[in-house]
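Asker: Sharing query-v6.pdb (PDB, C-alpha atoms) below.
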ATOM      1  CA  MET K   1     187.390 119.370 110.851
ATOM      2  CA  ALA K   2     186.122 119.305 107.259
ATOM      3  CA  HIS K   3     185.369 115.590 107.579
ATOM      4  CA  LEU K   4     183.269 116.223 110.704
ATOM      5  CA  GLY K   5     181.283 118.919 108.911
ATOM      6  CA  THR K   6     180.712 116.702 105.890
ATOM      7  CA  SER K   7     179.550 113.715 107.944
ATOM      8  CA  THR K   8     177.299 115.981 110.004
ATOM      9  CA  GLN K   9     175.754 117.396 106.828
ATOM     10  CA  VAL K  10     175.162 113.911 105.441
ATOM     11  CA  ALA K  11     173.630 112.790 108.750
ATOM     12  CA  LEU K  12     171.375 115.854 108.817
ATOM     13  CA  ALA K  13     170.214 115.244 105.248
ATOM     14  CA  LEU K  14     169.502 111.590 106.060
ATOM     15  CA  PHE K  15     167.503 112.506 109.166
ATOM     16  CA  ILE K  16     165.472 115.105 107.266
ATOM     17  CA  PHE K  17     164.730 112.645 104.469
ATOM     18  CA  GLY K  18     163.869 109.970 107.044
ATOM     19  CA  GLY K  19     161.479 112.380 108.770
ATOM     20  CA  PHE K  20     159.815 113.127 105.444
ATOM     21  CA  CYS K  21     159.442 109.399 104.739
ATOM     22  CA  LEU K  22     158.001 108.822 108.219
ATOM     23  CA  SER K  23     155.450 111.592 107.695
ATOM     24  CA  ALA K  24     154.472 110.183 104.315
ATOM     25  CA  LEU K  25     154.219 106.686 105.837
ATOM     26  CA  ASP K  26     151.840 107.984 108.505
ATOM     27  CA  ALA K  27     149.677 109.845 105.982
ATOM     28  CA  VAL K  28     149.442 106.885 103.607
ATOM     29  CA  GLY K  29     148.815 104.616 106.595
ATOM     30  CA  LYS K  30     145.856 106.700 107.708
ATOM     31  CA  LEU K  31     144.423 106.530 104.190
ATOM     32  CA  VAL K  32     144.927 102.749 103.916
ATOM     33  CA  ILE K  33     143.362 102.147 107.333
ATOM     34  CA  SER K  34     140.263 104.107 106.372
ATOM     35  CA  GLU K  35     139.846 102.020 103.206
ATOM     36  CA  SER K  36     141.221  98.579 104.098
ATOM     37  CA  GLY K  37     141.685  98.217 107.836
ATOM     38  CA  LEU K  38     144.480  97.830 110.336
ATOM     39  CA  LEU K  39     145.474  94.230 109.581
ATOM     40  CA  LEU K  40     146.017  94.836 105.862
ATOM     41  CA  LEU K  41     148.035  97.957 106.631
ATOM     42  CA  LEU K  42     150.306  96.093 109.052
ATOM     43  CA  TRP K  43     150.690  93.110 106.722
ATOM     44  CA  ALA K  44     151.638  95.320 103.775
ATOM     45  CA  ARG K  45     154.024  97.401 105.871
ATOM     46  CA  TYR K  46     156.033  94.488 107.180
ATOM     47  CA  VAL K  47     155.999  92.363 104.025
ATOM     48  CA  GLY K  48     157.209  95.409 102.092
ATOM     49  CA  GLN K  49     159.869  96.088 104.687
ATOM     50  CA  VAL K  50     161.166  92.505 104.471
ATOM     51  CA  LEU K  51     161.208  92.590 100.669
ATOM     52  CA  ILE K  52     163.339  95.727 100.737
ATOM     53  CA  SER K  53     165.584  95.155 103.747
ATOM     54  CA  VAL K  54     166.539  91.486 103.329
ATOM     55  CA  PRO K  55     168.236  91.927  99.924
ATOM     56  CA  ILE K  56     170.053  95.037 101.168
ATOM     57  CA  ALA K  57     171.229  93.272 104.341
ATOM     58  CA  TYR K  58     172.284  90.219 102.352
ATOM     59  CA  TYR K  59     174.231  92.399  99.920
ATOM     60  CA  CYS K  60     175.987  94.258 102.741
ATOM     61  CA  ALA K  61     176.695  91.376 105.151
ATOM     62  CA  GLY K  62     176.123  88.132 103.276
ATOM     63  CA  LYS K  63     174.514  85.194 105.027
ATOM     64  CA  THR K  64     175.883  86.356 108.366
ATOM     65  CA  PHE K  65     173.242  89.073 108.660
ATOM     66  CA  TRP K  66     170.825  86.394 109.964
ATOM     67  CA  ARG K  67     173.086  85.669 112.944
ATOM     68  CA  SER K  68     172.594  87.595 116.141
ATOM     69  CA  ALA K  69     174.639  87.531 119.317
ATOM     70  CA  ARG K  70     171.417  88.164 121.259
ATOM     71  CA  PRO K  71     168.480  86.591 119.403
ATOM     72  CA  ARG K  72     166.041  86.914 122.324
ATOM     73  CA  LEU K  73     166.705  90.648 122.483
ATOM     74  CA  GLN K  74     166.145  90.911 118.714
ATOM     75  CA  ILE K  75     162.849  89.034 118.997
ATOM     76  CA  PHE K  76     161.760  91.261 121.882
ATOM     77  CA  ARG K  77     162.673  94.330 119.823
ATOM     78  CA  SER K  78     160.605  92.988 116.909
ATOM     79  CA  ILE K  79     157.626  92.464 119.196
ATOM     80  CA  LEU K  80     157.936  96.038 120.464
ATOM     81  CA  LEU K  81     158.102  97.347 116.900
ATOM     82  CA  GLY K  82     154.959  95.418 115.985
ATOM     83  CA  LEU K  83     153.115  96.705 119.064
ATOM     84  CA  THR K  84     154.225 100.242 118.267
ATOM     85  CA  SER K  85     152.726  99.980 114.794
ATOM     86  CA  ILE K  86     149.503  98.425 116.047
ATOM     87  CA  PHE K  87     148.961 101.082 118.711
ATOM     88  CA  PHE K  88     149.962 104.048 116.530
ATOM     89  CA  PHE K  89     147.926 103.102 113.479
ATOM     90  CA  ALA K  90     144.951 102.006 115.571
ATOM     91  CA  GLY K  91     145.076 105.395 117.290
ATOM     92  CA  ILE K  92     145.183 107.497 114.128
ATOM     93  CA  GLN K  93     141.808 106.118 113.170
ATOM     94  CA  TRP K  94     140.328 108.509 115.736
ATOM     95  CA  LEU K  95     142.859 111.344 115.934
ATOM     96  CA  PRO K  96     143.897 113.869 113.315
ATOM     97  CA  LEU K  97     147.293 112.915 111.894
ATOM     98  CA  ALA K  98     148.964 116.129 113.081
ATOM     99  CA  GLU K  99     147.917 115.477 116.690
ATOM    100  CA  ALA K 100     148.964 111.826 116.546
ATOM    101  CA  SER K 101     152.369 112.797 115.146
ATOM    102  CA  ALA K 102     152.840 115.469 117.805
ATOM    103  CA  ILE K 103     152.037 112.946 120.536
ATOM    104  CA  SER K 104     154.477 110.435 119.034
ATOM    105  CA  PHE K 105     157.246 113.022 119.301
ATOM    106  CA  THR K 106     157.148 112.595 123.075
ATOM    107  CA  ALA K 107     159.198 109.430 122.442
ATOM    108  CA  PRO K 108     162.574 111.121 123.160
ATOM    109  CA  ILE K 109     161.418 111.712 126.738
ATOM    110  CA  PHE K 110     160.797 107.981 127.148
ATOM    111  CA  VAL K 111     164.128 107.186 125.471
ATOM    112  CA  ALA K 112     165.926 109.420 127.976
ATOM    113  CA  LEU K 113     164.015 107.899 130.913
ATOM    114  CA  LEU K 114     164.775 104.328 129.825
ATOM    115  CA  SER K 115     168.389 104.842 128.737
ATOM    116  CA  GLY K 116     169.569 104.789 132.345
ATOM    117  CA  PRO K 117     167.939 101.572 133.552
ATOM    118  CA  ILE K 118     168.290  99.667 130.259
ATOM    119  CA  LEU K 119     171.624 100.899 128.871
ATOM    120  CA  GLY K 120     173.296 102.123 132.042
ATOM    121  CA  GLU K 121     173.706 105.609 130.612
ATOM    122  CA  ARG K 122     173.835 108.580 132.934
ATOM    123  CA  VAL K 123     170.829 110.832 132.428
ATOM    124  CA  GLU K 124     170.734 114.323 133.924
ATOM    125  CA  LYS K 125     167.563 116.271 134.685
ATOM    126  CA  ASN K 126     168.457 118.701 131.900
ATOM    127  CA  ASP K 127     168.481 115.824 129.392
ATOM    128  CA  LEU K 128     164.767 115.325 129.948
ATOM    129  CA  TRP K 129     163.700 118.885 129.254
TER     130      TRP K 129
END
Output the file's structure in the form of structure tokens.
Answerer:
Amino acid sequence: MAHLGTSTQVALALFIFGGFCLSALDAVGKLVISESGLLLLLWARYVGQVLISVPIAYYCAGKTFWRSARPRLQIFRSILLGLTSIFFFAGIQWLPLAEASAISFTAPIFVALLSGPILGERVEKNDLW
């Protein structure tokens, strides 16, 4: 049981730190958009992400990290991620950041609704609320 508690504590710490980073990303994004525009923000975000993630992935998996069993699904996922960024950061130009963040936290409802048809998972009514 000690191992379960330790891994849960590590996971919790990682999620909290990730949430902090996401909040900081949104705040800095709103500032950059007001000074430089949406396209520069998106360019900088994804170029920075590639510069950080590619060396880490290469270190962890070697050249095989480029290979995917389902490349079309990966490309579709990348397109969705790009659209998510475009819509979110375009929207925060006109909404206060706190409201935009609160609205974005409705995402788990959509995850629960889509997990049945896409992943074949069983979703109960109680899972949605």
Asker: Applying the PyMOL selection byres ((chain K and resi 109) around 12) to the file I just gave you, which residues come out? Please list them as a VMD selection string.
Answerer: chain K and resid 103 to 108 110 to 115 123 125 to 129
Asker: With only C-alpha atoms as the atoms that count, which of K:Gln49, K:Ser23, K:Thr6, K:Ser36 lies nearest to Gln93 (chain K)?
Answerer: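 Smallest distance to Gln93 (chain K) is found for K:Ser36.
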Asker: With 8 Å on each side, where is the centre of the axis-aligned box around all listed atoms of region 59-75 of chain K, and how long are its edges in Å to one decimal, as JSON?
Answerer:
{"center_x": 169.8, "center_y": 89.7, "center_z": 111.2, "size_x": 29.8, "size_y": 25.1, "size_z": 38.6}
Asker: Name the closest residue to Gly82 (chain K) among the candidates K:Leu39, K:Pro55, K:Ser7, K:Val32; distances are taken between atoms, counting all atoms listed in the file.
Answerer: K:Leu39
Asker: Could you jot down the CA of Ala24 (chain K) to CA of Leu95 (chain K) separation for me, Å, one decimal place?
Answerer: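 Calculated distance between CA of Ala24 (chain K) and CA of Leu95 (chain K) is 16.5 Å.
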Asker: What does the distance from CA of Phe89 (chain K) to CA of Leu40 (chain K) come to in Å, to one decimal?
Answerer: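 Taking CA of Phe89 (chain K) and CA of Leu40 (chain K), their separation equals 11.4 Å.
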Asker: From the options K:Ile16, K:Leu73, K:Leu81, K:Ala90, which residue's atoms come nearest to Leu38 (chain K), counting only C-alpha atoms?
Answerer: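 Closest to Leu38 (chain K) of all the choices is K:Ala90.
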Asker: For the atom pair CA of Ser53 (chain K) and CA of Ile86 (chain K), what is the interatomic distance in Å to one decimal place?
Answerer: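 These atoms are spaced 20.5 Å apart.
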Asker: Determine, for each residue of region 100-124 of chain K having at least one atom at most 12 Å from an atom of region 26-30 of chain K, the closest pair of atoms and their separation in Å to one decimal, counting only C-alpha atoms; order by chain and ascending number, as a tab-separated table.
Answerer:
residue	atom	partner	partner_atom	distance
K:Ala100	CA	K:Asp26	CA	9.4
K:Ser101	CA	K:Asp26	CA	8.2
K:Ala102	CA	K:Asp26	CA	12.0
K:Ser104	CA	K:Asp26	CA	11.1
